[in-house]
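Data block below; observations after.
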Amino acid sequence: MKRLKIGVIGCGAIAQVQHMPNLANLPDLFEVTMVCDLSLKAAEYVASKFKVSSFTTNYFELLESDVDAVLHCAGGHKPTAAIAAFEAGKHVFVEKPLCSSLEETDRIIAAQKRAGTVGQVGYMKVYDPAFVYARQEVETMDDILFAQVNHLHPSNNLHLRQFDIRRFNDILPDSPTQRKEAADFKIYGGGHQQAIGDHEPHVIGAFGLLSGSMIHDIYGMRVMLGMPTKVVNTEIWNDGRAITYTLEYPSGYRLVASWVDLPNLWDFKETLEVYGSDKRVILSYPTGFSCGQLSALTVQGIDQAGTSYASQPAIDWHSAFVQELRHFHDCITNGTSCHTSIASARDDIGLIIDIIQCYTA
């Protein structure tokens, strides 16, 4: 089994809580040889904690090294780094959100095609064993009458405080990578202006939460149910911190999805529910910052004797984050088709734009 050298861009919370520990726990698959962050102290801290030999504040130095692959989990504008990584001939794993607009997506896809390397988006929930099981159950349903998504989101700080996350305030101003990103943004555009135009703050806020947090629900719906035919309606309230929309699917059923900010309520709730005439599949996720907490699945139905039943299948103890890293390695070393390709993410970005435009039209 080939061990890949991988570089990590971004040393913030998701790297410290999930990606760096998981990469360290896959020593037969990956060796992290360099980490990068605009904060020198953050890069140095993560390199020291996880025994990485090199660190930098300039991701072009990382791309010039002998890494086989790049994991980009920094926030902010990602297209410049992703395209540069492909141009350097690297395999690229980009955490969500990939970008904001279809134009940005197309530039990244074109760079990947030119490189001929693997491009994967950090859509970890479809690698969750509970999601895999739920999808198999939904595929057996003769009809779907209704589907529902509820995402009730507390402040991430309530869940992050259980981890030893180090934050630093020495981010370099006007770094080489920031200058390159600013130049690209001036030439190509990007962000919400390119995707939806200029709007009131609550609309821009709702676009951000769809792209950043509810993207998990959007790609889950796509993988589970396919693409909808249209957005029926969209409502935004609570100054852009809450949104509900209704989607219509080819067979005529509706999916109603809501994301609501409940900042002070510790309990996190995220469900994907699919209802048919004789079966219900209800999937519940923990927060993405959880470690060791399993998703839960409930299947309700009617057996051949006509008796109603409810079951909660046992879920394998496989971390969704670890599973997606294993898949990334498999795609690179064995040529496996990527389940969460950059090309597939284009549909999600397009749907987010349609959801917002349904409200602003």
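FYI, nothing fancy with the structure tokens labels: chains A, B, ... in order, residues from 1 per chain, ligands from 1 as they appear.
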What are the nearest atom pairs, with distances in Å to one decimal, for all residues of range 29-121 of chain A that come at most 8 Å from range 195-212 of chain A, using only C-alpha atoms, set out by chain and rising residue number as a tab-separated table?
residue	atom	partner	partner_atom	distance
A:Lys96	CA	A:Gly212	CA	6.8
A:Pro97	CA	A:Gly212	CA	5.6
A:Ser100	CA	A:Ala195	CA	6.3
A:Ser101	CA	A:Ala195	CA	4.5
A:Leu102	CA	A:Ala195	CA	7.0
Next item on the list: Could you give me the residues within range 157-309 of chain A that DSSP places in strand (DSSP E), as a PyMOL selection string?
Entry: chain A and resi 230-237+242-248+254-261+269-275+279-285+296-302+308-309
Output N, CA and C atoms of each residue in that selection to a file, as a compact mmCIF listing (two decimals), in the first residue's frame.
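Below you can see selection28.txt, which holds the result:
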# COMPACT_ATOMS: atom_id res chain seq x y z
N LYS A 230 -37.11 21.92 -9.18
CA LYS A 230 -37.19 23.37 -8.98
C LYS A 230 -37.27 23.70 -7.49
N VAL A 231 -36.97 24.97 -7.20
CA VAL A 231 -37.18 25.52 -5.86
C VAL A 231 -38.57 26.13 -5.84
N VAL A 232 -39.43 25.61 -4.98
CA VAL A 232 -40.82 26.07 -4.94
C VAL A 232 -40.93 27.41 -4.22
N ASN A 233 -40.28 27.53 -3.07
CA ASN A 233 -40.30 28.79 -2.33
C ASN A 233 -39.13 28.83 -1.35
N THR A 234 -38.79 30.04 -0.93
CA THR A 234 -37.72 30.26 0.04
C THR A 234 -38.14 31.36 0.99
N GLU A 235 -37.92 31.14 2.27
CA GLU A 235 -38.15 32.17 3.29
C GLU A 235 -36.86 32.37 4.09
N ILE A 236 -36.50 33.63 4.33
CA ILE A 236 -35.34 33.98 5.14
C ILE A 236 -35.82 34.90 6.26
N TRP A 237 -35.40 34.60 7.47
CA TRP A 237 -35.79 35.46 8.59
C TRP A 237 -34.67 35.47 9.64
N ALA A 242 -31.78 32.28 9.71
CA ALA A 242 -32.75 31.19 9.59
C ALA A 242 -33.29 31.18 8.16
N ILE A 243 -33.48 29.98 7.63
CA ILE A 243 -33.97 29.85 6.26
C ILE A 243 -34.77 28.56 6.14
N THR A 244 -35.85 28.63 5.40
CA THR A 244 -36.64 27.45 5.05
C THR A 244 -36.95 27.50 3.55
N TYR A 245 -36.79 26.38 2.89
CA TYR A 245 -37.11 26.34 1.47
C TYR A 245 -37.76 25.00 1.14
N THR A 246 -38.52 25.00 0.07
CA THR A 246 -39.21 23.80 -0.40
C THR A 246 -38.72 23.46 -1.80
N LEU A 247 -38.37 22.18 -1.99
CA LEU A 247 -37.90 21.70 -3.28
C LEU A 247 -38.90 20.71 -3.85
N GLU A 248 -39.05 20.74 -5.17
CA GLU A 248 -39.89 19.76 -5.86
C GLU A 248 -38.99 18.78 -6.60
N ARG A 254 -42.35 16.69 -2.36
CA ARG A 254 -41.68 17.88 -1.88
C ARG A 254 -40.70 17.52 -0.76
N LEU A 255 -39.62 18.32 -0.69
CA LEU A 255 -38.70 18.28 0.44
C LEU A 255 -38.70 19.66 1.07
N VAL A 256 -38.94 19.71 2.38
CA VAL A 256 -38.92 20.97 3.12
C VAL A 256 -37.67 20.97 4.01
N ALA A 257 -36.84 21.99 3.85
CA ALA A 257 -35.58 22.05 4.59
C ALA A 257 -35.49 23.35 5.37
N SER A 258 -35.00 23.26 6.61
CA SER A 258 -34.83 24.44 7.46
C SER A 258 -33.47 24.41 8.13
N TRP A 259 -32.85 25.56 8.22
CA TRP A 259 -31.64 25.78 9.03
C TRP A 259 -31.96 26.95 9.95
N VAL A 260 -31.78 26.75 11.27
CA VAL A 260 -32.12 27.78 12.24
C VAL A 260 -30.98 27.93 13.24
N ASP A 261 -30.57 29.15 13.47
CA ASP A 261 -29.52 29.46 14.44
C ASP A 261 -30.13 29.51 15.84
N LYS A 269 -29.03 19.52 16.52
CA LYS A 269 -29.98 18.65 15.83
C LYS A 269 -29.84 18.80 14.32
N GLU A 270 -29.59 17.69 13.65
CA GLU A 270 -29.55 17.69 12.19
C GLU A 270 -30.10 16.37 11.69
N THR A 271 -31.18 16.43 10.94
CA THR A 271 -31.83 15.20 10.47
C THR A 271 -32.13 15.28 8.98
N LEU A 272 -32.11 14.11 8.36
CA LEU A 272 -32.60 13.91 7.00
C LEU A 272 -33.64 12.81 7.08
N GLU A 273 -34.88 13.13 6.69
CA GLU A 273 -36.01 12.21 6.87
C GLU A 273 -36.69 11.99 5.51
N VAL A 274 -36.90 10.72 5.18
CA VAL A 274 -37.54 10.36 3.92
C VAL A 274 -38.75 9.48 4.23
N TYR A 275 -39.92 9.88 3.71
CA TYR A 275 -41.17 9.21 4.02
C TYR A 275 -41.83 8.64 2.76
N LYS A 279 -42.75 3.03 4.31
CA LYS A 279 -41.45 3.05 4.97
C LYS A 279 -41.04 4.48 5.29
N ARG A 280 -40.37 4.63 6.44
CA ARG A 280 -39.78 5.91 6.82
C ARG A 280 -38.33 5.67 7.19
N VAL A 281 -37.45 6.55 6.73
CA VAL A 281 -36.02 6.47 7.04
C VAL A 281 -35.62 7.81 7.66
N ILE A 282 -35.16 7.77 8.90
CA ILE A 282 -34.85 8.99 9.65
C ILE A 282 -33.40 8.93 10.12
N LEU A 283 -32.58 9.83 9.60
CA LEU A 283 -31.15 9.85 9.88
C LEU A 283 -30.82 11.09 10.71
N SER A 284 -30.10 10.91 11.82
CA SER A 284 -29.73 12.01 12.70
C SER A 284 -28.21 12.06 12.84
N TYR A 285 -27.64 13.24 12.64
CA TYR A 285 -26.19 13.42 12.70
C TYR A 285 -25.76 14.13 13.98
N ALA A 296 -27.33 8.39 14.15
CA ALA A 296 -28.38 7.44 14.50
C ALA A 296 -29.34 7.27 13.33
N LEU A 297 -29.80 6.04 13.14
CA LEU A 297 -30.71 5.74 12.04
C LEU A 297 -31.91 4.98 12.57
N THR A 298 -33.09 5.45 12.19
CA THR A 298 -34.34 4.75 12.53
C THR A 298 -35.06 4.40 11.23
N VAL A 299 -35.45 3.14 11.09
CA VAL A 299 -36.21 2.69 9.92
C VAL A 299 -37.56 2.18 10.41
N GLN A 300 -38.62 2.76 9.90
CA GLN A 300 -39.97 2.33 10.23
C GLN A 300 -40.61 1.76 8.98
N GLY A 301 -41.39 0.69 9.15
CA GLY A 301 -42.00 0.07 7.98
C GLY A 301 -43.12 -0.88 8.36
N ILE A 302 -43.54 -1.64 7.36
CA ILE A 302 -44.60 -2.64 7.52
C ILE A 302 -44.07 -3.95 6.96
N SER A 308 -46.57 -3.28 11.72
CA SER A 308 -45.67 -2.13 11.70
C SER A 308 -44.47 -2.39 12.61
N TYR A 309 -43.32 -1.91 12.21
CA TYR A 309 -42.11 -2.09 13.01
C TYR A 309 -41.27 -0.82 12.98
Notebook entry, point to check: Neighbours of Gly292 in chain A within 10 Å (only C-alpha atoms; same-chain residues fewer than 4 positions away dropped), as an MDAnalysis selection string?
Noted result: chainID A and resid 286 317:319
Note to self: Using only C-alpha atoms, can you tell me which of A:Ser175, A:Asn169, A:Asn58, A:Ser213 comes closest to His151 in chain A?
What the structure shows: A:Ser213
Item checked: For Glu44 in chain A, the nearest of the candidates A:Arg161, A:Arg166, A:Arg241, A:Lys78, counting only C-alpha atoms ->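 Comparing A:Arg161, A:Arg166, A:Arg241, A:Lys78 against Glu44 in chain A, the winner is A:Arg166.
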Note to self: Which of range 23-255 of chain A end up as alpha helix (DSSP H) when DSSP is run on this backbone - answer as a PyMOL selection string?
What the structure shows: chain A and resi 23-24+40-49+59-63+79-87+102-115+129-139+157-160+176-188+191-196+201-212+215-225
Next item on the list: Could you check which of A:Gln148, A:Asn264, A:Thr117, A:Gln304 is closest to Ala85 in chain A, using only C-alpha atoms?
Entry: A:Thr117
